[in-house]
Amino acid sequence: MVHSSLMAALIAVGAFISIPIGPVPIVMQNLFVLLAGLLLGGGWAAASVGVYLLAGACGLPVFAGGTGGLGRLLGPTGGYLFGFLAAAYLVGKVSERACGRPLIELGGLVAGSMVIYLFGVPWLKLVTGMDWAKSIAVGMIPFLIGDAVKILAAYGVARTLRPIIALQATPGGIDKAG
Amino acid sequence: MAELSIFTYRPRPVWIVDCDPRIKLAALAGLSICSLGAGWTALALVTVVTSILWLRLVPSLRVLWNQTKYFIFLLALVVLARGLLTPGQVLLELGPLDLTAEGLAGGGYIAWRLLVIVWWSIILTATTAAAQIRSAVAWFLRPVPLVNEKVVATMIGLLVRFIPVILQQVRETMAAQQARAVAASSNPFRRAFKLILPVVRRVFLSADRLVWAMEARCFTPDRPFYHLDRGPADWLLASGAVVLCAALLLS
């Protein structure tokens with residue numbers, strides 16, 4: 001529960017961390033969503049994103065720009081937020097069954113990123129009234145390069161952190177890990 | 001986010017601060033949903049009511065602008081996209097694209113509606129303590145099957161508590177990396193990896209210590225919730241929300 005809550009806090013903080021690359025800066029929010037799936041597994045990762053969305057829906061300022069409320073969930077970017085939930089669950093489930101095999105885990109990460117767009121782009125089209133081509137051009141194409149970087153970074157971070165988390169799970173492990 | 005802002009709850013001499021958080025959450029949800037199909041007139045009425053409430057809560061509208069300018073920028077992009085992509089009476093030619101009156105009107109309506117919803121959510125956080133929201137969320141989740149409302153409410157409490165702590169850790173990590181010229185790397189993967197790894201590592205290492213601290217302070221999901229009580233101000237708020245919802249639906 002604590003890991004899941006902390007991951008939810010990281011997802012909220014991810015909206016405030018960006019690395020400027022080209023015209024579209026990389027925001028770390030969906031990297032943490034993918035990372036939640038890799039580190040927590042499907043159930044707790046979905047719980048983590050679910051709590052994050054619930055806190056935002058209740059009006060707590062956890063969404064990008066320090067805002068919150070149903071307005072953000074029902075706004076132009078609301079589909080991406082709901083996509084986070086499905087993506088975290090999918091990546092977590094794939095990761096649980098991958099048993100550390102890199103190609104399957106990377107495939108799960110790619111599928112998870114696509115699931116975010118599967119929710120986000122139709123929602124963007126619906127709310128803004130743009131056609132499909134424009135919605136994809138505005139809401140998906142500019143972020144694909146950043147997504148590739150995030151997938152690789154999430155995989156690398158997860159591989160490095162798993163031994164530490166496993167060590168924490170053993171008695172007295174926190175002292176060795178820290 | 002760790003800084004004091006209009007999003008942060010502070011006791012204010014305004015009646016809505018004392019209202020039951022369950023009524024506030026229900027009013028926010030109802031108004032958000034009803035506003036989706038609202039007409040211009042009802043939206044104008046709701047905007048006036050919301051602005052009056054705002055003027056009681058913040059010293060000036062400039063404070064509100066400073067806190068919501070990033071979201072307003074996003075809305076401006078929505079208006080511009082609609083203006084450029086909707087066919088109609090051409091107001092301005094911008095290369096291959098035309099800015100149309102119909103597009104601007106449609107985009108302006110969407111942006112206005114979203115801005116009002118976000119204002120309501122800021123009013124909620126500015127007038128409701130996190131402990132009150134936690135109790136209200138647990139109350140609403142109680143009838144939902146397969147969801148342990150106490151665990152969810154505790155997770156929300158931890159989330160709110162740890163956002164400023166993690167932000168501080170991120171700032172410290174970024175400052176340390178700038179001092180060591182890690183941020184100057186042109187490889188985006190390396191920059192992302194080098195920033196995220198120490199932050200997430202610190203967060204996970206602190207998790208076990210957090211569990212010990214929680215247990216030592218009896219901070220468990222079963223600890224008592226904030227006492228929720230309804231009074232005359234709640235009925236006033238509920239009635240006002242119902243009237244506004246009806247106006248939004250009928251417009």
# chains A, B, ... in the order shown; residues from 1 in each chain; ligands from 1
>>> residues_around(residues="region 137-154 of chain A", least_positions_apart="4", cutoff="8 Å", atoms="only C-alpha atoms", output="PDB file with N, CA and C atoms, in the first residue's frame")
ATOM      1  N   VAL A  24       8.841  19.761 -28.155  1.00  0.00           N
ATOM      2  CA  VAL A  24       7.932  19.224 -27.134  1.00  0.00           C
ATOM      3  C   VAL A  24       8.748  18.655 -25.983  1.00  0.00           C
ATOM      4  N   PRO A  25       8.727  19.292 -24.792  1.00  0.00           N
ATOM      5  CA  PRO A  25       9.507  18.765 -23.679  1.00  0.00           C
ATOM      6  C   PRO A  25       8.945  17.423 -23.216  1.00  0.00           C
ATOM      7  N   ILE A  26       9.843  16.567 -22.693  1.00  0.00           N
ATOM      8  CA  ILE A  26       9.400  15.273 -22.172  1.00  0.00           C
ATOM      9  C   ILE A  26       8.923  15.477 -20.741  1.00  0.00           C
ATOM     10  N   MET A  28       7.496  13.694 -17.314  1.00  0.00           N
ATOM     11  CA  MET A  28       7.792  12.375 -16.755  1.00  0.00           C
ATOM     12  C   MET A  28       6.573  11.628 -16.241  1.00  0.00           C
ATOM     13  N   ASN A  30       3.902  10.011 -17.603  1.00  0.00           N
ATOM     14  CA  ASN A  30       3.593   8.653 -18.082  1.00  0.00           C
ATOM     15  C   ASN A  30       4.774   7.695 -17.919  1.00  0.00           C
ATOM     16  N   LEU A  31       5.988   8.231 -17.757  1.00  0.00           N
ATOM     17  CA  LEU A  31       7.111   7.351 -17.418  1.00  0.00           C
ATOM     18  C   LEU A  31       6.858   6.692 -16.058  1.00  0.00           C
ATOM     19  N   PHE A  32       6.365   7.480 -15.099  1.00  0.00           N
ATOM     20  CA  PHE A  32       6.088   6.915 -13.772  1.00  0.00           C
ATOM     21  C   PHE A  32       4.911   5.944 -13.810  1.00  0.00           C
ATOM     22  N   LEU A  34       4.247   3.918 -16.349  1.00  0.00           N
ATOM     23  CA  LEU A  34       4.835   2.674 -16.856  1.00  0.00           C
ATOM     24  C   LEU A  34       5.703   2.009 -15.784  1.00  0.00           C
ATOM     25  N   LEU A  35       6.436   2.842 -15.062  1.00  0.00           N
ATOM     26  CA  LEU A  35       7.306   2.332 -14.004  1.00  0.00           C
ATOM     27  C   LEU A  35       6.489   1.670 -12.887  1.00  0.00           C
ATOM     28  N   LEU A 106       9.586  -5.043 -22.754  1.00  0.00           N
ATOM     29  CA  LEU A 106       9.611  -3.867 -23.644  1.00  0.00           C
ATOM     30  C   LEU A 106       8.352  -3.829 -24.518  1.00  0.00           C
ATOM     31  N   LEU A 109       5.626  -2.457 -22.462  1.00  0.00           N
ATOM     32  CA  LEU A 109       5.754  -1.001 -22.312  1.00  0.00           C
ATOM     33  C   LEU A 109       5.244  -0.266 -23.560  1.00  0.00           C
ATOM     34  N   VAL A 110       5.592  -0.813 -24.736  1.00  0.00           N
ATOM     35  CA  VAL A 110       5.111  -0.198 -25.989  1.00  0.00           C
ATOM     36  C   VAL A 110       3.584  -0.284 -26.044  1.00  0.00           C
ATOM     37  N   SER A 113       2.044   2.235 -23.702  1.00  0.00           N
ATOM     38  CA  SER A 113       2.074   3.606 -24.251  1.00  0.00           C
ATOM     39  C   SER A 113       0.984   3.787 -25.303  1.00  0.00           C
ATOM     40  N   TYR A 117      -2.722   6.346 -25.737  1.00  0.00           N
ATOM     41  CA  TYR A 117      -3.238   7.074 -26.909  1.00  0.00           C
ATOM     42  C   TYR A 117      -4.593   6.534 -27.349  1.00  0.00           C
ATOM     43  N   GLY A 120      -6.680   8.445 -25.146  1.00  0.00           N
ATOM     44  CA  GLY A 120      -6.489   9.900 -25.204  1.00  0.00           C
ATOM     45  C   GLY A 120      -6.913  10.552 -26.500  1.00  0.00           C
ATOM     46  N   VAL A 121      -6.553   9.935 -27.633  1.00  0.00           N
ATOM     47  CA  VAL A 121      -6.828  10.593 -28.920  1.00  0.00           C
ATOM     48  C   VAL A 121      -8.331  10.653 -29.234  1.00  0.00           C
ATOM     49  N   LEU A 124      -9.782  13.323 -27.060  1.00  0.00           N
ATOM     50  CA  LEU A 124      -9.385  14.653 -27.546  1.00  0.00           C
ATOM     51  C   LEU A 124     -10.263  15.071 -28.726  1.00  0.00           C
ATOM     52  N   ALA A 133      -7.568  12.956 -38.227  1.00  0.00           N
ATOM     53  CA  ALA A 133      -6.206  13.289 -38.672  1.00  0.00           C
ATOM     54  C   ALA A 133      -5.609  14.388 -37.791  1.00  0.00           C
ATOM     55  N   ALA A 158      13.669   0.312 -13.874  1.00  0.00           N
ATOM     56  CA  ALA A 158      13.046  -0.856 -13.229  1.00  0.00           C
ATOM     57  C   ALA A 158      14.068  -1.966 -13.014  1.00  0.00           C
TER      58      ALA A 158
ATOM     59  N   PRO B 188      19.042  12.351 -24.496  1.00  0.00           N
ATOM     60  CA  PRO B 188      17.820  12.465 -23.684  1.00  0.00           C
ATOM     61  C   PRO B 188      17.583  11.256 -22.796  1.00  0.00           C
ATOM     62  N   PHE B 189      17.930  10.061 -23.295  1.00  0.00           N
ATOM     63  CA  PHE B 189      17.750   8.860 -22.486  1.00  0.00           C
ATOM     64  C   PHE B 189      18.602   8.933 -21.224  1.00  0.00           C
ATOM     65  N   ARG B 190      19.879   9.332 -21.416  1.00  0.00           N
ATOM     66  CA  ARG B 190      20.804   9.409 -20.271  1.00  0.00           C
ATOM     67  C   ARG B 190      20.304  10.430 -19.249  1.00  0.00           C
ATOM     68  N   ALA B 192      17.163  11.485 -18.767  1.00  0.00           N
ATOM     69  CA  ALA B 192      15.968  10.983 -18.084  1.00  0.00           C
ATOM     70  C   ALA B 192      16.350   9.913 -17.067  1.00  0.00           C
ATOM     71  N   PHE B 193      17.220   8.981 -17.478  1.00  0.00           N
ATOM     72  CA  PHE B 193      17.626   7.878 -16.607  1.00  0.00           C
ATOM     73  C   PHE B 193      18.340   8.402 -15.370  1.00  0.00           C
TER      74      PHE B 193
END
>>> residues_around(residues="region 217-221 of chain B", least_positions_apart="2", cutoff="9 Å", atoms="only C-alpha atoms", output="PDB file with C-alpha atoms, in the first residue's frame")
ATOM      1  CA  GLU B 149     -12.582   2.758   1.524  1.00  0.00           C
ATOM      2  CA  LYS B 150     -10.271   3.098   4.530  1.00  0.00           C
ATOM      3  CA  VAL B 151      -7.238   1.919   2.545  1.00  0.00           C
ATOM      4  CA  VAL B 152      -8.096   4.196  -0.404  1.00  0.00           C
ATOM      5  CA  ALA B 153      -8.598   7.173   1.910  1.00  0.00           C
ATOM      6  CA  THR B 154      -5.270   6.463   3.657  1.00  0.00           C
ATOM      7  CA  MET B 155      -3.519   6.178   0.283  1.00  0.00           C
ATOM      8  CA  TRP B 212       7.772   2.120  10.727  1.00  0.00           C
ATOM      9  CA  ALA B 213       6.934   5.784  11.308  1.00  0.00           C
ATOM     10  CA  MET B 214       3.265   5.153  10.474  1.00  0.00           C
ATOM     11  CA  GLU B 215       3.064   2.211  12.854  1.00  0.00           C
ATOM     12  CA  ARG B 223      -7.663   5.364  12.482  1.00  0.00           C
ATOM     13  CA  PRO B 224     -10.730   7.589  13.091  1.00  0.00           C
TER      14      PRO B 224
END
>>> residues_around(residues="Val199 (chain B)", least_positions_apart="3", cutoff="7 Å", atoms="only C-alpha atoms", output="list in words")
Gln169, Val170, Leu195, Ile196, Arg202 and Val203 of chain B
>>> residues_around(residues="region 237-241 of chain B", least_positions_apart="5", cutoff="8 Å", atoms="only C-alpha atoms", output="ChimeraX atom specification")
/B:16,19,23-24,27,30-31
>>> write_last_selection(atoms="C-alpha atoms", output="PDB file, in the first residue's frame")
ATOM      1  CA  ILE B  16     -18.388  27.626   2.376  1.00  0.00           C
ATOM      2  CA  CYS B  19     -19.748  23.241   4.754  1.00  0.00           C
ATOM      3  CA  ILE B  23     -21.954  18.228  -0.083  1.00  0.00           C
ATOM      4  CA  LYS B  24     -19.050  20.130  -1.658  1.00  0.00           C
ATOM      5  CA  ALA B  27     -21.953  19.738  -5.808  1.00  0.00           C
ATOM      6  CA  GLY B  30     -23.034  17.524 -10.286  1.00  0.00           C
ATOM      7  CA  LEU B  31     -22.052  20.936 -11.654  1.00  0.00           C
TER       8      LEU B  31
END
>>> closest_atom_pairs(of="chain B", to="chain A", cutoff="7 Å", atoms="only C-alpha atoms", output="JSON lines")
{"residue": "B:Met1", "atom": "CA", "partner": "A:Gly66", "partner_atom": "CA", "distance": 6.9}
{"residue": "B:Phe7", "atom": "CA", "partner": "A:Pro61", "partner_atom": "CA", "distance": 6.8}
{"residue": "B:Leu25", "atom": "CA", "partner": "A:Cys58", "partner_atom": "CA", "distance": 6.6}
{"residue": "B:Ala29", "atom": "CA", "partner": "A:Leu70", "partner_atom": "CA", "distance": 6.7}
{"residue": "B:Ser32", "atom": "CA", "partner": "A:Gly71", "partner_atom": "CA", "distance": 6.3}
{"residue": "B:Tyr70", "atom": "CA", "partner": "A:Gly65", "partner_atom": "CA", "distance": 5.8}
{"residue": "B:Phe71", "atom": "CA", "partner": "A:Gly65", "partner_atom": "CA", "distance": 6.4}
{"residue": "B:Val78", "atom": "CA", "partner": "A:Thr128", "partner_atom": "CA", "distance": 6.9}
{"residue": "B:Leu114", "atom": "CA", "partner": "A:Gly71", "partner_atom": "CA", "distance": 5.8}
{"residue": "B:Ile117", "atom": "CA", "partner": "A:Gly71", "partner_atom": "CA", "distance": 4.9}
{"residue": "B:Val118", "atom": "CA", "partner": "A:Gly71", "partner_atom": "CA", "distance": 5.4}
{"residue": "B:Ser121", "atom": "CA", "partner": "A:Gly69", "partner_atom": "CA", "distance": 4.7}
{"residue": "B:Ile122", "atom": "CA", "partner": "A:Gly59", "partner_atom": "CA", "distance": 6.7}
{"residue": "B:Leu124", "atom": "CA", "partner": "A:Gly59", "partner_atom": "CA", "distance": 6.4}
{"residue": "B:Thr125", "atom": "CA", "partner": "A:Leu60", "partner_atom": "CA", "distance": 6.0}
{"residue": "B:Val152", "atom": "CA", "partner": "A:Val51", "partner_atom": "CA", "distance": 6.8}
{"residue": "B:Met155", "atom": "CA", "partner": "A:Ser5", "partner_atom": "CA", "distance": 5.2}
{"residue": "B:Ile156", "atom": "CA", "partner": "A:Ala55", "partner_atom": "CA", "distance": 6.3}
{"residue": "B:Leu158", "atom": "CA", "partner": "A:Ser5", "partner_atom": "CA", "distance": 6.1}
{"residue": "B:Leu159", "atom": "CA", "partner": "A:Ala9", "partner_atom": "CA", "distance": 4.8}
{"residue": "B:Phe162", "atom": "CA", "partner": "A:Ala9", "partner_atom": "CA", "distance": 6.2}
{"residue": "B:Ile163", "atom": "CA", "partner": "A:Ala9", "partner_atom": "CA", "distance": 5.3}
{"residue": "B:Leu167", "atom": "CA", "partner": "A:Val13", "partner_atom": "CA", "distance": 6.3}
{"residue": "B:Pro188", "atom": "CA", "partner": "A:Val149", "partner_atom": "CA", "distance": 6.9}
{"residue": "B:Phe189", "atom": "CA", "partner": "A:Val149", "partner_atom": "CA", "distance": 5.4}
{"residue": "B:Ala192", "atom": "CA", "partner": "A:Ala153", "partner_atom": "CA", "distance": 6.4}
{"residue": "B:Phe193", "atom": "CA", "partner": "A:Ala153", "partner_atom": "CA", "distance": 5.2}
{"residue": "B:Leu197", "atom": "CA", "partner": "A:Val157", "partner_atom": "CA", "distance": 5.6}
{"residue": "B:Arg201", "atom": "CA", "partner": "A:Leu161", "partner_atom": "CA", "distance": 6.7}
{"residue": "B:Phe204", "atom": "CA", "partner": "A:His3", "partner_atom": "CA", "distance": 6.9}
{"residue": "B:Leu205", "atom": "CA", "partner": "A:Gly178", "partner_atom": "CA", "distance": 6.4}
{"residue": "B:Ala207", "atom": "CA", "partner": "A:His3", "partner_atom": "CA", "distance": 6.3}
>>> select_by_dssp(residues="region 14-175 of chain A", states="strand (DSSP E or B)", output="compact mmCIF listing (two decimals) with N, CA and C atoms, in the first residue's frame")
# COMPACT_ATOMS: atom_id res chain seq x y z
N SER A 18 10.13 18.05 -16.25
CA SER A 18 10.24 17.94 -17.71
C SER A 18 11.68 18.10 -18.15
N ILE A 19 12.02 17.40 -19.23
CA ILE A 19 13.36 17.51 -19.83
C ILE A 19 13.16 18.11 -21.22
N ILE A 26 9.84 16.57 -22.69
CA ILE A 26 9.40 15.27 -22.17
C ILE A 26 8.92 15.48 -20.74
N VAL A 27 7.65 15.18 -20.50
CA VAL A 27 7.10 15.23 -19.15
C VAL A 27 7.12 13.82 -18.60
N PHE A 63 -3.04 17.11 -10.81
CA PHE A 63 -2.88 17.00 -12.26
C PHE A 63 -1.90 18.07 -12.76
N THR A 67 -3.42 21.59 -11.05
CA THR A 67 -4.88 21.68 -11.00
C THR A 67 -5.47 20.33 -10.63
>>> residues_around(residues="Val79 (chain B)", least_positions_apart="6", cutoff="12 Å", atoms="only C-alpha atoms", output="list in words")
Pro76, Val127, Thr128, Gly129 and Met130 of chain A; Ile72, Phe73, Leu85, Thr86, Leu99, Thr100, Ala101, Glu102, Gly103, Leu104, Ala105, Gly106, Gly107, Gly108, Tyr109, Ile110, Ala111, Trp112, Arg113 and Leu114 of chain B
>>> write_last_selection(atoms="C-alpha atoms", output="CSV table (one decimal), in the first residue's frame")
chain,number,residue,atom,x,y,z
A,76,PRO,CA,-9.3,17.6,-23.6
A,127,VAL,CA,-14.0,17.1,-26.6
A,128,THR,CA,-12.3,19.5,-29.1
A,129,GLY,CA,-14.4,18.5,-32.1
A,130,MET,CA,-11.3,18.0,-34.3
B,72,ILE,CA,-5.5,28.9,-19.4
B,73,PHE,CA,-2.6,28.5,-21.9
B,85,LEU,CA,-9.5,23.8,-38.1
B,86,THR,CA,-13.3,24.7,-38.3
B,99,LEU,CA,-9.0,31.5,-38.6
B,100,THR,CA,-12.8,31.3,-38.6
B,101,ALA,CA,-15.5,33.0,-36.5
B,102,GLU,CA,-17.4,29.7,-36.0
B,103,GLY,CA,-14.2,27.9,-34.9
B,104,LEU,CA,-13.3,30.7,-32.4
B,105,ALA,CA,-16.9,30.7,-31.0
B,106,GLY,CA,-16.9,26.9,-30.6
B,107,GLY,CA,-13.4,26.8,-29.0
B,108,GLY,CA,-14.2,29.7,-26.8
B,109,TYR,CA,-17.3,27.9,-25.5
B,110,ILE,CA,-15.4,24.7,-24.7
B,111,ALA,CA,-12.6,26.6,-23.0
B,112,TRP,CA,-15.0,28.7,-21.0
B,113,ARG,CA,-16.9,25.6,-19.8
B,114,LEU,CA,-13.6,23.9,-18.7
>>> atom_distance(atom1="CA of Leu228 (chain B)", atom2="CA of Gly157 (chain B)")
17.0 Å
>>> atom_distance(atom1="CA of Pro96 (chain B)", atom2="CA of Trp132 (chain A)")
19.0 Å
>>> select_by_dssp(residues="region 7-188 of chain B", states="helix (DSSP H, G or I)", output="PyMOL selection string")
chain B and resi 15-18+21-37+40-57+61-85+101-127+130-141+149-179+188
>>> write_last_selection(atoms="C-alpha atoms", output="CSV table (one decimal), in the first residue's frame")
chain,number,residue,atom,x,y,z
B,15,TRP,CA,-19.4,30.3,5.0
B,16,ILE,CA,-18.4,27.6,2.4
B,17,VAL,CA,-15.3,26.7,4.5
B,18,ASP,CA,-17.6,25.3,7.2
B,21,PRO,CA,-17.1,18.2,2.4
B,22,ARG,CA,-19.6,15.5,1.1
B,23,ILE,CA,-22.0,18.2,-0.1
B,24,LYS,CA,-19.0,20.1,-1.7
B,25,LEU,CA,-17.8,17.0,-3.5
B,26,ALA,CA,-21.3,16.1,-4.7
B,27,ALA,CA,-22.0,19.7,-5.8
B,28,LEU,CA,-18.7,19.8,-7.7
B,29,ALA,CA,-19.5,16.5,-9.5
B,30,GLY,CA,-23.0,17.5,-10.3
B,31,LEU,CA,-22.1,20.9,-11.7
B,32,SER,CA,-19.2,19.4,-13.7
B,33,ILE,CA,-21.4,16.9,-15.3
B,34,CYS,CA,-24.4,19.3,-15.9
B,35,SER,CA,-22.1,21.9,-17.4
B,36,LEU,CA,-21.2,19.6,-20.3
B,37,GLY,CA,-24.4,20.4,-22.2
B,40,TRP,CA,-24.2,30.3,-23.2
B,41,THR,CA,-26.8,32.0,-20.9
B,42,ALA,CA,-26.6,29.4,-18.1
B,43,LEU,CA,-22.8,29.4,-18.3
B,44,ALA,CA,-22.7,33.1,-17.9
B,45,LEU,CA,-25.0,32.9,-14.9
B,46,VAL,CA,-22.8,30.2,-13.3
B,47,THR,CA,-19.6,32.2,-14.1
B,48,VAL,CA,-21.1,35.3,-12.3
B,49,VAL,CA,-22.0,33.2,-9.2
B,50,THR,CA,-18.5,31.5,-9.3
B,51,SER,CA,-16.8,34.9,-9.6
B,52,ILE,CA,-18.7,36.3,-6.6
B,53,LEU,CA,-17.5,33.4,-4.6
B,54,TRP,CA,-13.9,33.8,-5.9
B,55,LEU,CA,-13.9,37.5,-4.8
B,56,ARG,CA,-14.7,36.4,-1.3
B,57,LEU,CA,-11.9,33.8,-1.3
B,61,LEU,CA,-8.2,38.1,-9.6
B,62,ARG,CA,-4.4,38.4,-10.3
B,63,VAL,CA,-3.7,35.7,-7.7
B,64,LEU,CA,-6.2,33.5,-9.6
B,65,TRP,CA,-4.5,34.2,-12.9
B,66,ASN,CA,-1.1,33.4,-11.5
B,67,GLN,CA,-2.2,30.0,-10.2
B,68,THR,CA,-4.2,29.0,-13.3
B,69,LYS,CA,-2.2,30.5,-16.1
B,70,TYR,CA,-0.7,27.2,-17.4
B,71,PHE,CA,-4.2,25.7,-17.7
B,72,ILE,CA,-5.5,28.9,-19.4
B,73,PHE,CA,-2.6,28.5,-21.9
B,74,LEU,CA,-3.8,25.0,-22.6
B,75,LEU,CA,-7.3,26.3,-23.1
B,76,ALA,CA,-5.9,29.1,-25.5
B,77,LEU,CA,-4.4,26.3,-27.6
B,78,VAL,CA,-7.8,24.6,-27.7
B,79,VAL,CA,-9.4,27.8,-28.9
B,80,LEU,CA,-6.7,28.4,-31.5
B,81,ALA,CA,-6.9,24.8,-32.8
B,82,ARG,CA,-10.7,25.0,-33.1
B,83,GLY,CA,-10.4,28.4,-34.8
B,84,LEU,CA,-7.9,27.2,-37.4
B,85,LEU,CA,-9.5,23.8,-38.1
B,101,ALA,CA,-15.5,33.0,-36.5
B,102,GLU,CA,-17.4,29.7,-36.0
B,103,GLY,CA,-14.2,27.9,-34.9
B,104,LEU,CA,-13.3,30.7,-32.4
B,105,ALA,CA,-16.9,30.7,-31.0
B,106,GLY,CA,-16.9,26.9,-30.6
B,107,GLY,CA,-13.4,26.8,-29.0
B,108,GLY,CA,-14.2,29.7,-26.8
B,109,TYR,CA,-17.3,27.9,-25.5
B,110,ILE,CA,-15.4,24.7,-24.7
B,111,ALA,CA,-12.6,26.6,-23.0
B,112,TRP,CA,-15.0,28.7,-21.0
B,113,ARG,CA,-16.9,25.6,-19.8
B,114,LEU,CA,-13.6,23.9,-18.7
B,115,LEU,CA,-12.3,27.0,-17.0
B,116,VAL,CA,-15.4,27.3,-14.9
B,117,ILE,CA,-15.1,23.6,-13.8
B,118,VAL,CA,-11.5,24.1,-12.8
B,119,TRP,CA,-12.4,27.2,-10.8
B,120,TRP,CA,-14.9,25.1,-8.9
B,121,SER,CA,-12.3,22.4,-8.1
B,122,ILE,CA,-9.9,25.1,-6.9
B,123,ILE,CA,-12.7,26.5,-4.6
B,124,LEU,CA,-13.0,23.0,-3.2
B,125,THR,CA,-9.3,22.6,-2.4
B,126,ALA,CA,-9.0,26.1,-1.1
B,127,THR,CA,-11.9,25.7,1.4
B,130,ALA,CA,-7.2,17.2,3.2
B,131,ALA,CA,-8.5,15.3,6.2
B,132,GLN,CA,-12.0,16.4,5.4
B,133,ILE,CA,-11.6,15.3,1.8
B,134,ARG,CA,-10.2,11.9,3.0
B,135,SER,CA,-13.3,11.4,5.2
B,136,ALA,CA,-15.7,12.4,2.5
B,137,VAL,CA,-14.0,10.1,-0.1
B,138,ALA,CA,-14.2,7.2,2.4
B,139,TRP,CA,-17.9,8.0,3.0
B,140,PHE,CA,-18.7,7.9,-0.8
B,141,LEU,CA,-16.7,4.7,-1.3
B,149,GLU,CA,-12.6,2.8,1.5
B,150,LYS,CA,-10.3,3.1,4.5
B,151,VAL,CA,-7.2,1.9,2.5
B,152,VAL,CA,-8.1,4.2,-0.4
B,153,ALA,CA,-8.6,7.2,1.9
B,154,THR,CA,-5.3,6.5,3.7
B,155,MET,CA,-3.5,6.2,0.3
B,156,ILE,CA,-4.9,9.6,-0.7
B,157,GLY,CA,-3.6,11.0,2.6
B,158,LEU,CA,-0.1,9.6,1.9
B,159,LEU,CA,-0.2,10.9,-1.7
B,160,VAL,CA,-1.0,14.4,-0.6
B,161,ARG,CA,1.6,14.3,2.2
B,162,PHE,CA,4.4,13.0,0.0
B,163,ILE,CA,4.0,15.2,-3.1
B,164,PRO,CA,6.0,18.2,-1.5
B,165,VAL,CA,8.6,15.8,-0.1
B,166,ILE,CA,9.2,14.1,-3.5
B,167,LEU,CA,9.3,17.5,-5.2
B,168,GLN,CA,11.9,18.6,-2.8
B,169,GLN,CA,13.9,15.4,-3.5
B,170,VAL,CA,13.6,16.1,-7.3
B,171,ARG,CA,14.9,19.7,-6.8
B,172,GLU,CA,17.9,18.5,-4.8
B,173,THR,CA,18.7,15.8,-7.3
B,174,MET,CA,18.5,18.3,-10.2
B,175,ALA,CA,20.6,20.8,-8.4
B,176,ALA,CA,23.3,18.1,-7.6
B,177,GLN,CA,23.3,16.9,-11.2
B,178,GLN,CA,23.6,20.5,-12.6
B,179,ALA,CA,26.6,21.0,-10.3
B,188,PRO,CA,17.8,12.5,-23.7
>>> residues_around(residues="Gly108 (chain A)", least_positions_apart="4", cutoff="7 Å", atoms="only C-alpha atoms", output="list in words")
Val91, Val94, Ile104 and Gly112 of chain A
>>> closest_residue(among="B:Ala38, B:Val147, B:Leu94, B:Val14", to="Ala247 (chain B)", atoms="only C-alpha atoms")
B:Ala38
>>> atom_distance(atom1="CA of Trp235 (chain B)", atom2="CA of Arg142 (chain B)")
22.7 Å
